[in-house]
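Each remark here refers to the structure printed beneath this line.
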Amino acid sequence: MRMSNFLLLIMLSALTRDATSQGCTNICPPINFGTPVPSLCEGDSAEEKADVTKVYDVCHPSSGSFSFQDFKGSGRVTVISNFYIGCNAGRRESGVFAHIAQKYYNLYGNRTTFISSLKGGSSCSQWADIYQGDAKRLFPDSGVIPREMPLAVSDLSFEIRDDFFTTPFGHPSYVILDGDLKVRHKFIGPCCGFSSYSDCRADTAKSLVDTMSNYLDEILSEETELSTGSGDNSEFVEEVPVNAVCAVGEWTPWSECSVTCGSTSGTRFRYRSVQGENCPEPLQKKSCTTSLPCDDEFDGCVAEIGSSYEIETVSSGFDCPRDIAFHPTPGMHLSHRTEGRDFYPDEGEEAWVLNGYNHSVSIVASLGTARQTTISRRDRGYYHYMINATALAFNTVGNSGRRPDRDGFNYWAVCNDNRNTYMEKKEPNYFMGPTLYNSDPKNLNLVNRLGEVCEEDEECFFLHSDMLHESPACIGIAHDPETVSAYGNVYWAFDSTGNRQEGQLVRFDFSQPHGPGSMDHSVAAIRRFPEITLNRGEDGIHAGMIVHPVTRELFIAEPGANQIIVVNVDSGTFARTAREEYPIYSNALPSFEYSIYECADKRVFAKNINTPTGLAIGPDGKKLYVAERASGDILVFEIATGSFLTRISTNMAKIGGMAFSPKSKNLFFVDEESNSLYAVKVKEECTKPFQPRVSSSFEEEIAEAKAAIGSSSFSLFRDYTCTADPIVPNATFFDQVHTDTGYASDDPNVQAEMVGMDSNAVFLADRIDCDRTSELNYDALLLGGYYCHTCLPGNQGAECDAGGICSNVQWNGYTCDNEYLLVSDTDGNVDVMHPNKTVVNPSDITLLRGVTYRLTIRGELQACASGGSEDFGCASGGPLLVVVTPETASTIKLMVGDNEVILRVAPKADFLDFVCFSGSSKVQVKERGSVLMCDLKIGDEVLVGKNEYEPVYTFAHKNELVSTKYLQFRPSLLELSHDHMVFVDGKGAVPATMVEIGDFLVNDGIVTSIREVERKGAYSPFTASGTIVVNGVLSSNYISFQESNVLKLGTIQTSLTYQWLAQTFVTPYRIWLTISGQKAFENGSWHTIGLYFYAWYVDQSPMTMMLLLFPISALLVLFVGAEFVSSNPFACMATVASFTLFWRVINKKAREFTL
């Protein structure tokens, strides 16, 4: 992005800073986009609005755990702080808070508990060192040294923040609870809003002492002593000396081998207890094998497949289906009626199939019943939010215990296999990642074209709830069924771009989604695992990912490595911020975490699988199903040991995603080559199920080991030598002003800040620098409120029916000129309305041929359409699609109840309708300057060459209503019909379709890009020379009737150019104009006679054309001579004199002959 574009985006972000974020105020509940966000506020009971029974681990001053319920009791006070490690203000205040905490603990002991909640990176000990050191420097003579307080908690899952400081409440911030766990005070710290550490002076930061002391003294004075039974904090104050001697126990005997039979290698382990710092590993392992064969190796089966099975086609007609997932609440999204169609949510299951080629989701409703049907929909901005989506995952955790207003149950996310190229219209800027949606159609999660609530009769579109941008070219995604986070929006993604050399695993916690219509990405947590490298293989291949809900293991298919790997999703340690090494990210605020994690537990689960794609865990949780794309088979493994069990043959060529249906327990999968969804159905029940390969003794020994050394210390697949050395993030990587909620990147191709509803965004409407390498950032268009723009992909980015042209409605959406509503008014009459609800007089509507019109029939009305002998059908409470063809009658009659509505159809077009320039093209008119083609008039003298002007003597076509497709050349932005000719250096006049990138247009320059656009209006001015300069490019008045610049007789190429032929065929008309001194009427017909003959001639057989060539050529030469004589006085006089002399000589010879 060049500086001009950067400055424009900075300008556009100005209003957003106030509109999207609450900033440094104590308003509670906090305000987000003008809407209060449910939150714990002063006077509220934490027991009612927060989970006070949740257990938190204390990492300083010593290990331990607590729940807020522990601090309930008369006379007690609990103070909670909310700090981000990247926030200068938080760092500045943390030392003051530590001083207050220790001071009051010294005075009141267990009556006071102070909790320092750490987020955004670093280790607990590092954070403690920071605030303890600051406290000593800020209060050197106080005698108060933080030791016992505060209790430091790594709020890695943001539980404390989301319960007590719900965003967008600012930070640093504090909550004070009394003994009843009632919120007595909730407030922002004094350093909030300061950009640098030094800007918040010491005396400003220390003002927190007076504020907090006043609050605490008031509450503590209400009760003078603890009530009986109150807990204490003694367990946290017994510090373990640094570098204490490590106590190491004896090794246990080696365990049994994990496998009991078969050829798969197993594992043995032994463990020992270790206590203290810098201890050796507590566990060792080694591989083992068994010589015993499995009794069921050749004739065993699995229950969900049976002893025999069949592959059943469930549904077809998809567009390169990549993945399938089952909606956890069938019928929620579609309900009983949508888009004018009836659905039956109580019947069958609901499969969502992700289409890679048309960037949509196809919903197979009432699956497996007689009412099964499919409906497809996508995002209005699919070219960014759902582009080449390759994987889809639902949050299916319906019993998480989360508050209903926070629960991400029924949300879903897609992974986009794209580097943000906007359908290859822009160079990649890698600002791309997973998109989150809420499948509940309420609350604007489902909208019409205008961004309004989608009515039952309208075409509907998804509206995303959030998007993060740290994994371009993402090919796999899985929801994490954890129940710890407040919202449950944690997803794992296969980032195939990674460090631009190899792919990586990335964890996305959308946390509190910004919701439909917002673009605030300031609250999220992205954790990158660069040590877990991933290989995507060929483009366009889905990579299956799934988290086991019990073992908490993530299975990942690596198509490019032919293997399945497993990662413990609860393992790994913060190492450093990712902002320096991976500088493209969604937000620069400290509340947006972007970290690198290391030392995660991982292993290879299965090797030598030929291009693994889809993954599914069996209904019993004990088997993993793997789609082997290259063979078309589905492989079945035991999860506990990795033992291969059996192979399911499908005879498919390109298997993608797989999923088990929740109710029927059948295995479903998609195949890209056949564009179908299939199910593996049991033909015969399984009579000899595979017996477990895992040793029961081994599983018992694992349970014993976890009990002995702790579950967190036990892992068979951990590298105990791996240690992360956490680095405290440099605050310069963060924006510190908390009213800014923008995108961030030091990559100049990515916008620097989020664009909001700033009035300056209107200037983006005039941007036409749509080249792949131009300055214009397409992300800025979306964020500037543009869903319809000349630079956006497809039909200017819009989803109009065939032939429709969109009009942008900034910040809301767009309308289509081929869409109308039919609504009954209070008097029973029928109103025809534009989608923006303005009433339109039917007599003012002209239906264009080649366009499909969507007539949405609202309410109980029934409408039927017909034209001549053509019947367009009927509709009620939904869309009536009217396809206007070249053969459609001149009027269409709509019968709406007892009301008749007549719609006029445009006259039929002929080939001259497409000898055109678009109305937005510009010409140079003498004494008027630059003039739009649509404003050009007969008689205007236009530039036709270098400093040469000629009058426009007629228009072959001038129609402001017709909708036509043009080729647009850049950088000139010349737009002309496909067969219209333009002058190319070294080639002469050639049809537009023959122009190539790199060609040099006469008077302009090198063509850098060519794209097809659709415009309303078509204009074809004629000049005497047959040329005209349009948008600075020398262009022809004419078209080529063959894909050539010269006349072809079959395979024989002549030397007659189409420019000369067309110019000569209209010679008689120009001669008549010259002799008569008249001007033609616009859209006249006499001047077209020659062109019609010309068109007839080139439509003949090569033999006929060859026979007619000589007489026609002779006639054309005669026309040329006649025009020359008629337009040149001297030539005319010489011709007359010669003819007179010739006539006299003939007469004289005749008389002499007679004599």
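By order of appearance in the structure tokens: chains A, B, ..., then residues from 1 within every chain, and ligands from 1 in the order shown.
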Who sits within 12 Å of Pro330 (chain A), only C-alpha atoms, same chain under 2 positions skipped, as a PyMOL selection string:
chain A and resi 325-328+332-336+343-352+363-367+396+410+439-440+661-663
Selected residues written out, N, CA and C atoms, as a PDB file, in the first residue's frame:
```pdb
ATOM      1  N   ALA A 325     -20.297 -31.100   7.670  1.00  0.00           N
ATOM      2  CA  ALA A 325     -20.494 -31.095   9.116  1.00  0.00           C
ATOM      3  C   ALA A 325     -21.988 -31.124   9.382  1.00  0.00           C
ATOM      4  N   PHE A 326     -22.369 -31.701  10.503  1.00  0.00           N
ATOM      5  CA  PHE A 326     -23.787 -31.777  10.861  1.00  0.00           C
ATOM      6  C   PHE A 326     -24.130 -30.666  11.843  1.00  0.00           C
ATOM      7  N   HIS A 327     -25.232 -29.977  11.536  1.00  0.00           N
ATOM      8  CA  HIS A 327     -25.675 -28.917  12.432  1.00  0.00           C
ATOM      9  C   HIS A 327     -26.146 -29.538  13.739  1.00  0.00           C
ATOM     10  N   PRO A 328     -25.652 -29.025  14.881  1.00  0.00           N
ATOM     11  CA  PRO A 328     -26.034 -29.642  16.164  1.00  0.00           C
ATOM     12  C   PRO A 328     -27.500 -29.427  16.539  1.00  0.00           C
ATOM     13  N   MET A 332     -32.709 -24.974  13.299  1.00  0.00           N
ATOM     14  CA  MET A 332     -32.511 -23.651  13.894  1.00  0.00           C
ATOM     15  C   MET A 332     -32.293 -22.594  12.819  1.00  0.00           C
ATOM     16  N   HIS A 333     -31.445 -22.898  11.851  1.00  0.00           N
ATOM     17  CA  HIS A 333     -31.079 -21.899  10.854  1.00  0.00           C
ATOM     18  C   HIS A 333     -32.183 -21.680   9.820  1.00  0.00           C
ATOM     19  N   LEU A 334     -32.745 -22.751   9.316  1.00  0.00           N
ATOM     20  CA  LEU A 334     -33.737 -22.628   8.245  1.00  0.00           C
ATOM     21  C   LEU A 334     -35.144 -22.403   8.773  1.00  0.00           C
ATOM     22  N   SER A 335     -35.405 -22.872   9.969  1.00  0.00           N
ATOM     23  CA  SER A 335     -36.738 -22.784  10.571  1.00  0.00           C
ATOM     24  C   SER A 335     -37.753 -23.476   9.656  1.00  0.00           C
ATOM     25  N   HIS A 336     -38.996 -22.989   9.647  1.00  0.00           N
ATOM     26  CA  HIS A 336     -40.038 -23.627   8.837  1.00  0.00           C
ATOM     27  C   HIS A 336     -40.117 -23.060   7.424  1.00  0.00           C
ATOM     28  N   PHE A 343     -39.692 -25.718   4.929  1.00  0.00           N
ATOM     29  CA  PHE A 343     -38.773 -26.710   5.478  1.00  0.00           C
ATOM     30  C   PHE A 343     -39.423 -27.361   6.697  1.00  0.00           C
ATOM     31  N   TYR A 344     -38.868 -28.500   7.083  1.00  0.00           N
ATOM     32  CA  TYR A 344     -39.476 -29.308   8.146  1.00  0.00           C
ATOM     33  C   TYR A 344     -38.404 -29.630   9.180  1.00  0.00           C
ATOM     34  N   PRO A 345     -38.183 -28.697  10.092  1.00  0.00           N
ATOM     35  CA  PRO A 345     -37.057 -28.832  11.036  1.00  0.00           C
ATOM     36  C   PRO A 345     -37.159 -30.022  11.975  1.00  0.00           C
ATOM     37  N   ASP A 346     -38.346 -30.569  12.153  1.00  0.00           N
ATOM     38  CA  ASP A 346     -38.503 -31.690  13.080  1.00  0.00           C
ATOM     39  C   ASP A 346     -38.254 -33.039  12.421  1.00  0.00           C
ATOM     40  N   GLU A 347     -37.933 -33.018  11.127  1.00  0.00           N
ATOM     41  CA  GLU A 347     -37.752 -34.278  10.403  1.00  0.00           C
ATOM     42  C   GLU A 347     -36.312 -34.396   9.910  1.00  0.00           C
ATOM     43  N   GLY A 348     -35.658 -35.490  10.302  1.00  0.00           N
ATOM     44  CA  GLY A 348     -34.332 -35.796   9.800  1.00  0.00           C
ATOM     45  C   GLY A 348     -33.234 -34.938  10.390  1.00  0.00           C
ATOM     46  N   GLU A 349     -32.029 -35.170   9.885  1.00  0.00           N
ATOM     47  CA  GLU A 349     -30.861 -34.414  10.321  1.00  0.00           C
ATOM     48  C   GLU A 349     -30.527 -33.338   9.291  1.00  0.00           C
ATOM     49  N   GLU A 350     -29.491 -32.559   9.565  1.00  0.00           N
ATOM     50  CA  GLU A 350     -29.168 -31.432   8.693  1.00  0.00           C
ATOM     51  C   GLU A 350     -27.665 -31.406   8.440  1.00  0.00           C
ATOM     52  N   ALA A 351     -27.270 -31.655   7.207  1.00  0.00           N
ATOM     53  CA  ALA A 351     -25.853 -31.666   6.831  1.00  0.00           C
ATOM     54  C   ALA A 351     -25.501 -30.367   6.113  1.00  0.00           C
ATOM     55  N   TRP A 352     -24.363 -29.795   6.472  1.00  0.00           N
ATOM     56  CA  TRP A 352     -23.868 -28.591   5.809  1.00  0.00           C
ATOM     57  C   TRP A 352     -22.647 -28.985   4.984  1.00  0.00           C
ATOM     58  N   ILE A 363     -26.998 -26.541   2.355  1.00  0.00           N
ATOM     59  CA  ILE A 363     -27.611 -27.151   3.532  1.00  0.00           C
ATOM     60  C   ILE A 363     -28.584 -28.234   3.079  1.00  0.00           C
ATOM     61  N   VAL A 364     -28.279 -29.465   3.435  1.00  0.00           N
ATOM     62  CA  VAL A 364     -29.155 -30.589   3.107  1.00  0.00           C
ATOM     63  C   VAL A 364     -30.077 -30.793   4.308  1.00  0.00           C
ATOM     64  N   ALA A 365     -31.328 -30.334   4.158  1.00  0.00           N
ATOM     65  CA  ALA A 365     -32.280 -30.359   5.265  1.00  0.00           C
ATOM     66  C   ALA A 365     -33.120 -31.630   5.228  1.00  0.00           C
ATOM     67  N   SER A 366     -33.634 -32.019   6.388  1.00  0.00           N
ATOM     68  CA  SER A 366     -34.455 -33.230   6.531  1.00  0.00           C
ATOM     69  C   SER A 366     -33.778 -34.421   5.877  1.00  0.00           C
ATOM     70  N   LEU A 367     -32.482 -34.527   6.125  1.00  0.00           N
ATOM     71  CA  LEU A 367     -31.668 -35.559   5.490  1.00  0.00           C
ATOM     72  C   LEU A 367     -32.207 -36.948   5.811  1.00  0.00           C
ATOM     73  N   THR A 396     -20.382 -27.861  18.762  1.00  0.00           N
ATOM     74  CA  THR A 396     -21.464 -28.818  19.050  1.00  0.00           C
ATOM     75  C   THR A 396     -21.629 -29.066  20.545  1.00  0.00           C
ATOM     76  N   ASN A 410     -23.688 -23.774  18.461  1.00  0.00           N
ATOM     77  CA  ASN A 410     -24.328 -23.545  17.152  1.00  0.00           C
ATOM     78  C   ASN A 410     -23.591 -22.521  16.293  1.00  0.00           C
ATOM     79  N   SER A 439     -25.096 -19.525  13.494  1.00  0.00           N
ATOM     80  CA  SER A 439     -26.121 -20.118  12.634  1.00  0.00           C
ATOM     81  C   SER A 439     -27.533 -19.733  13.042  1.00  0.00           C
ATOM     82  N   ASP A 440     -27.687 -19.100  14.201  1.00  0.00           N
ATOM     83  CA  ASP A 440     -29.003 -18.594  14.594  1.00  0.00           C
ATOM     84  C   ASP A 440     -29.358 -17.431  13.677  1.00  0.00           C
ATOM     85  N   SER A 661     -23.019 -38.778  11.524  1.00  0.00           N
ATOM     86  CA  SER A 661     -24.264 -38.092  11.859  1.00  0.00           C
ATOM     87  C   SER A 661     -24.593 -38.352  13.324  1.00  0.00           C
ATOM     88  N   PRO A 662     -25.056 -37.329  14.043  1.00  0.00           N
ATOM     89  CA  PRO A 662     -25.287 -37.483  15.488  1.00  0.00           C
ATOM     90  C   PRO A 662     -26.362 -38.502  15.839  1.00  0.00           C
ATOM     91  N   LYS A 663     -27.383 -38.636  14.987  1.00  0.00           N
ATOM     92  CA  LYS A 663     -28.506 -39.522  15.327  1.00  0.00           C
ATOM     93  C   LYS A 663     -28.367 -40.904  14.703  1.00  0.00           C
TER      94      LYS A 663
END
```
Quick one: residues within 12 Å of Cys279 (chain A), only C-alpha atoms counted, chain neighbours fewer than 4 positions away excluded, as a list in words?
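With the cut-off at 12 Å, the set is Asn243, Ala244, Val245, Cys246, Ala247, Val248, Gly249, Arg272, Ser273, Val274, Gln275, Leu283, Ser713, Tyr720, Thr721 and Thr723 of chain A.
Summary of the local environment: counting only C-alpha atoms, residues at most 7 Å from Cys59 (chain A), other than itself and those fewer than 4 positions away along its chain, are Ser63, Cys124, Ala152 and Val153 of chain A.
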List as a list in words the protein and nucleic acid residues near Gly785 (chain A), meaning an atom at most 7 Å away when only C-alpha atoms are counted, but skip any in the same chain fewer than 4 places from it.
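Near neighbours after the sequence-gap exclusion: Leu781, Gln810, Trp811 and Asn812 of chain A.
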Could you pull out the alpha helix (DSSP H) residues of region 852-1098 of chain A from DSSP and send them as a VMD selection string?
chain A and resid 1058 to 1065 1067 to 1076 1089 to 1098
Using only C-alpha atoms, the residue out of A:Asp296, A:Asp162, A:Asp457, A:Asp180 with shortest distance to Arg406 (chain A) is A:Asp162
Report as a PyMOL selection string all protein, DNA and RNA residues lying within 6 Å of Arg536 (chain A), evaluated on only C-alpha atoms, omitting residues in the same chain fewer than 5 positions from it.
chain A and resi 496+559-560
Surrounding residues of Phe158 (chain A) excluding itself and chain neighbours under 2 positions, 12 Å, only C-alpha atoms, as a PyMOL selection string:
chain A and resi 56+82-84+117-121+153-156+160-167+484-488+490+509-512+523-525+591-593
DSSP-assigned strand (DSSP E) members of region 677-848 of chain A, reported as a ChimeraX atom specification:
/A:677-684,744-745,806-809,813-816,819-824,830-833,839-840,846-847
Please dump the current selection as a JSON list (two decimals), in the first residue's frame; keep N, CA and C atoms.
```json
[["chain", "number", "residue", "atom", "x", "y", "z"],
["A", 677, "LEU", "N", -22.55, -36.03, -2.02],
["A", 677, "LEU", "CA", -22.45, -36.42, -0.62],
["A", 677, "LEU", "C", -22.87, -37.88, -0.52],
["A", 678, "TYR", "N", -22.07, -38.66, 0.19],
["A", 678, "TYR", "CA", -22.32, -40.10, 0.30],
["A", 678, "TYR", "C", -22.40, -40.51, 1.77],
["A", 679, "ALA", "N", -23.03, -41.66, 1.99],
["A", 679, "ALA", "CA", -23.09, -42.26, 3.33],
["A", 679, "ALA", "C", -22.67, -43.72, 3.23],
["A", 680, "VAL", "N", -21.95, -44.18, 4.24],
["A", 680, "VAL", "CA", -21.60, -45.60, 4.33],
["A", 680, "VAL", "C", -22.69, -46.26, 5.17],
["A", 681, "LYS", "N", -23.50, -47.08, 4.54],
["A", 681, "LYS", "CA", -24.65, -47.70, 5.20],
["A", 681, "LYS", "C", -24.38, -49.18, 5.50],
["A", 682, "VAL", "N", -24.80, -49.59, 6.66],
["A", 682, "VAL", "CA", -24.63, -50.99, 7.08],
["A", 682, "VAL", "C", -25.61, -51.88, 6.32],
["A", 683, "LYS", "N", -25.08, -52.92, 5.66],
["A", 683, "LYS", "CA", -25.95, -53.91, 5.01],
["A", 683, "LYS", "C", -26.19, -55.08, 5.94],
["A", 684, "GLU", "N", -25.13, -55.52, 6.62],
["A", 684, "GLU", "CA", -25.24, -56.61, 7.58],
["A", 684, "GLU", "C", -24.59, -56.17, 8.88],
["A", 744, "ALA", "N", -3.79, -4.26, 12.10],
["A", 744, "ALA", "CA", -2.41, -3.83, 12.22],
["A", 744, "ALA", "C", -1.49, -4.74, 11.44],
["A", 745, "SER", "N", -0.47, -4.14, 10.84],
["A", 745, "SER", "CA", 0.55, -4.90, 10.15],
["A", 745, "SER", "C", 1.65, -3.95, 9.74],
["A", 806, "CYS", "N", -25.82, -3.79, -9.76],
["A", 806, "CYS", "CA", -25.99, -3.40, -8.37],
["A", 806, "CYS", "C", -25.75, -1.91, -8.15],
["A", 807, "SER", "N", -26.31, -1.42, -7.06],
["A", 807, "SER", "CA", -26.04, -0.07, -6.58],
["A", 807, "SER", "C", -25.70, -0.19, -5.10],
["A", 808, "ASN", "N", -24.55, 0.35, -4.72],
["A", 808, "ASN", "CA", -24.12, 0.23, -3.33],
["A", 808, "ASN", "C", -24.91, 1.14, -2.41],
["A", 809, "VAL", "N", -25.23, 0.63, -1.23],
["A", 809, "VAL", "CA", -25.83, 1.42, -0.17],
["A", 809, "VAL", "C", -24.83, 1.36, 0.98],
["A", 813, "GLY", "N", -25.33, -2.44, 2.42],
["A", 813, "GLY", "CA", -25.31, -3.50, 1.42],
["A", 813, "GLY", "C", -25.47, -2.93, 0.03],
["A", 814, "TYR", "N", -26.41, -3.49, -0.72],
["A", 814, "TYR", "CA", -26.61, -3.04, -2.10],
["A", 814, "TYR", "C", -28.00, -3.43, -2.56],
["A", 815, "THR", "N", -28.43, -2.83, -3.65],
["A", 815, "THR", "CA", -29.67, -3.22, -4.31],
["A", 815, "THR", "C", -29.36, -3.66, -5.72],
["A", 816, "CYS", "N", -30.29, -4.39, -6.33],
["A", 816, "CYS", "CA", -30.16, -4.84, -7.72],
["A", 816, "CYS", "C", -31.27, -4.23, -8.55],
["A", 819, "GLU", "N", -34.62, -6.42, -9.37],
["A", 819, "GLU", "CA", -35.36, -6.98, -8.25],
["A", 819, "GLU", "C", -36.46, -6.01, -7.82],
["A", 820, "TYR", "N", -37.68, -6.53, -7.63],
["A", 820, "TYR", "CA", -38.80, -5.72, -7.18],
["A", 820, "TYR", "C", -39.60, -6.51, -6.15],
["A", 821, "LEU", "N", -40.28, -5.78, -5.26],
["A", 821, "LEU", "CA", -41.19, -6.38, -4.30],
["A", 821, "LEU", "C", -42.63, -6.09, -4.72],
["A", 822, "LEU", "N", -43.50, -7.06, -4.56],
["A", 822, "LEU", "CA", -44.92, -6.87, -4.81],
["A", 822, "LEU", "C", -45.63, -6.99, -3.47],
["A", 823, "VAL", "N", -46.20, -5.87, -3.02],
["A", 823, "VAL", "CA", -46.79, -5.80, -1.69],
["A", 823, "VAL", "C", -48.21, -5.26, -1.80],
["A", 824, "SER", "N", -49.11, -5.83, -1.01],
["A", 824, "SER", "CA", -50.50, -5.36, -0.98],
["A", 824, "SER", "C", -50.60, -4.21, 0.02],
["A", 830, "VAL", "N", -52.07, -3.40, -5.21],
["A", 830, "VAL", "CA", -50.72, -3.97, -5.23],
["A", 830, "VAL", "C", -49.71, -2.88, -5.54],
["A", 831, "ASP", "N", -48.73, -2.74, -4.67],
["A", 831, "ASP", "CA", -47.64, -1.81, -4.90],
["A", 831, "ASP", "C", -46.42, -2.57, -5.41],
["A", 832, "VAL", "N", -45.81, -2.01, -6.44],
["A", 832, "VAL", "CA", -44.52, -2.53, -6.90],
["A", 832, "VAL", "C", -43.45, -1.65, -6.26],
["A", 833, "MET", "N", -42.53, -2.29, -5.55],
["A", 833, "MET", "CA", -41.56, -1.53, -4.78],
["A", 833, "MET", "C", -40.14, -1.92, -5.14],
["A", 839, "VAL", "N", -41.97, 3.03, -3.57],
["A", 839, "VAL", "CA", -42.96, 2.54, -4.53],
["A", 839, "VAL", "C", -42.58, 3.01, -5.93],
["A", 840, "VAL", "N", -42.72, 2.10, -6.89],
["A", 840, "VAL", "CA", -42.37, 2.37, -8.29],
["A", 840, "VAL", "C", -43.62, 2.26, -9.14],
["A", 846, "THR", "N", -39.00, -0.72, -17.40],
["A", 846, "THR", "CA", -38.75, -1.37, -18.69],
["A", 846, "THR", "C", -37.86, -2.59, -18.44],
["A", 847, "LEU", "N", -38.41, -3.75, -18.72],
["A", 847, "LEU", "CA", -37.64, -4.99, -18.52],
["A", 847, "LEU", "C", -36.71, -5.20, -19.71]]
```
All residues 8 Å or closer to region 768-775 of chain A, only C-alpha atoms, same chain fewer than 2 positions away omitted, as a list in words:
Met1, Arg2, Asn5, Glu424, Lys425, Lys426, Glu427, Asp766, Asn777, Thr790, Cys791, Arg970, Pro971, Thr1008 and Ser1009 of chain A
Measure the distance from CA of Gly850 (chain A) to CA of Val884 (chain A) in Å and round it to one decimal.
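Computing it gives 5.6 Å between the two atoms.
Put simply, CA of Ile219 (chain A) is 9.2 Å away from CA of Gly179 (chain A).
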Using only C-alpha atoms, find the one residue out of A:Gly73, A:Asp601, A:Phe1041, A:Asn562 that sits nearest to Glu223 (chain A).
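Looking only at the distances to Glu223 (chain A), the closest residue turns out to be A:Gly73.
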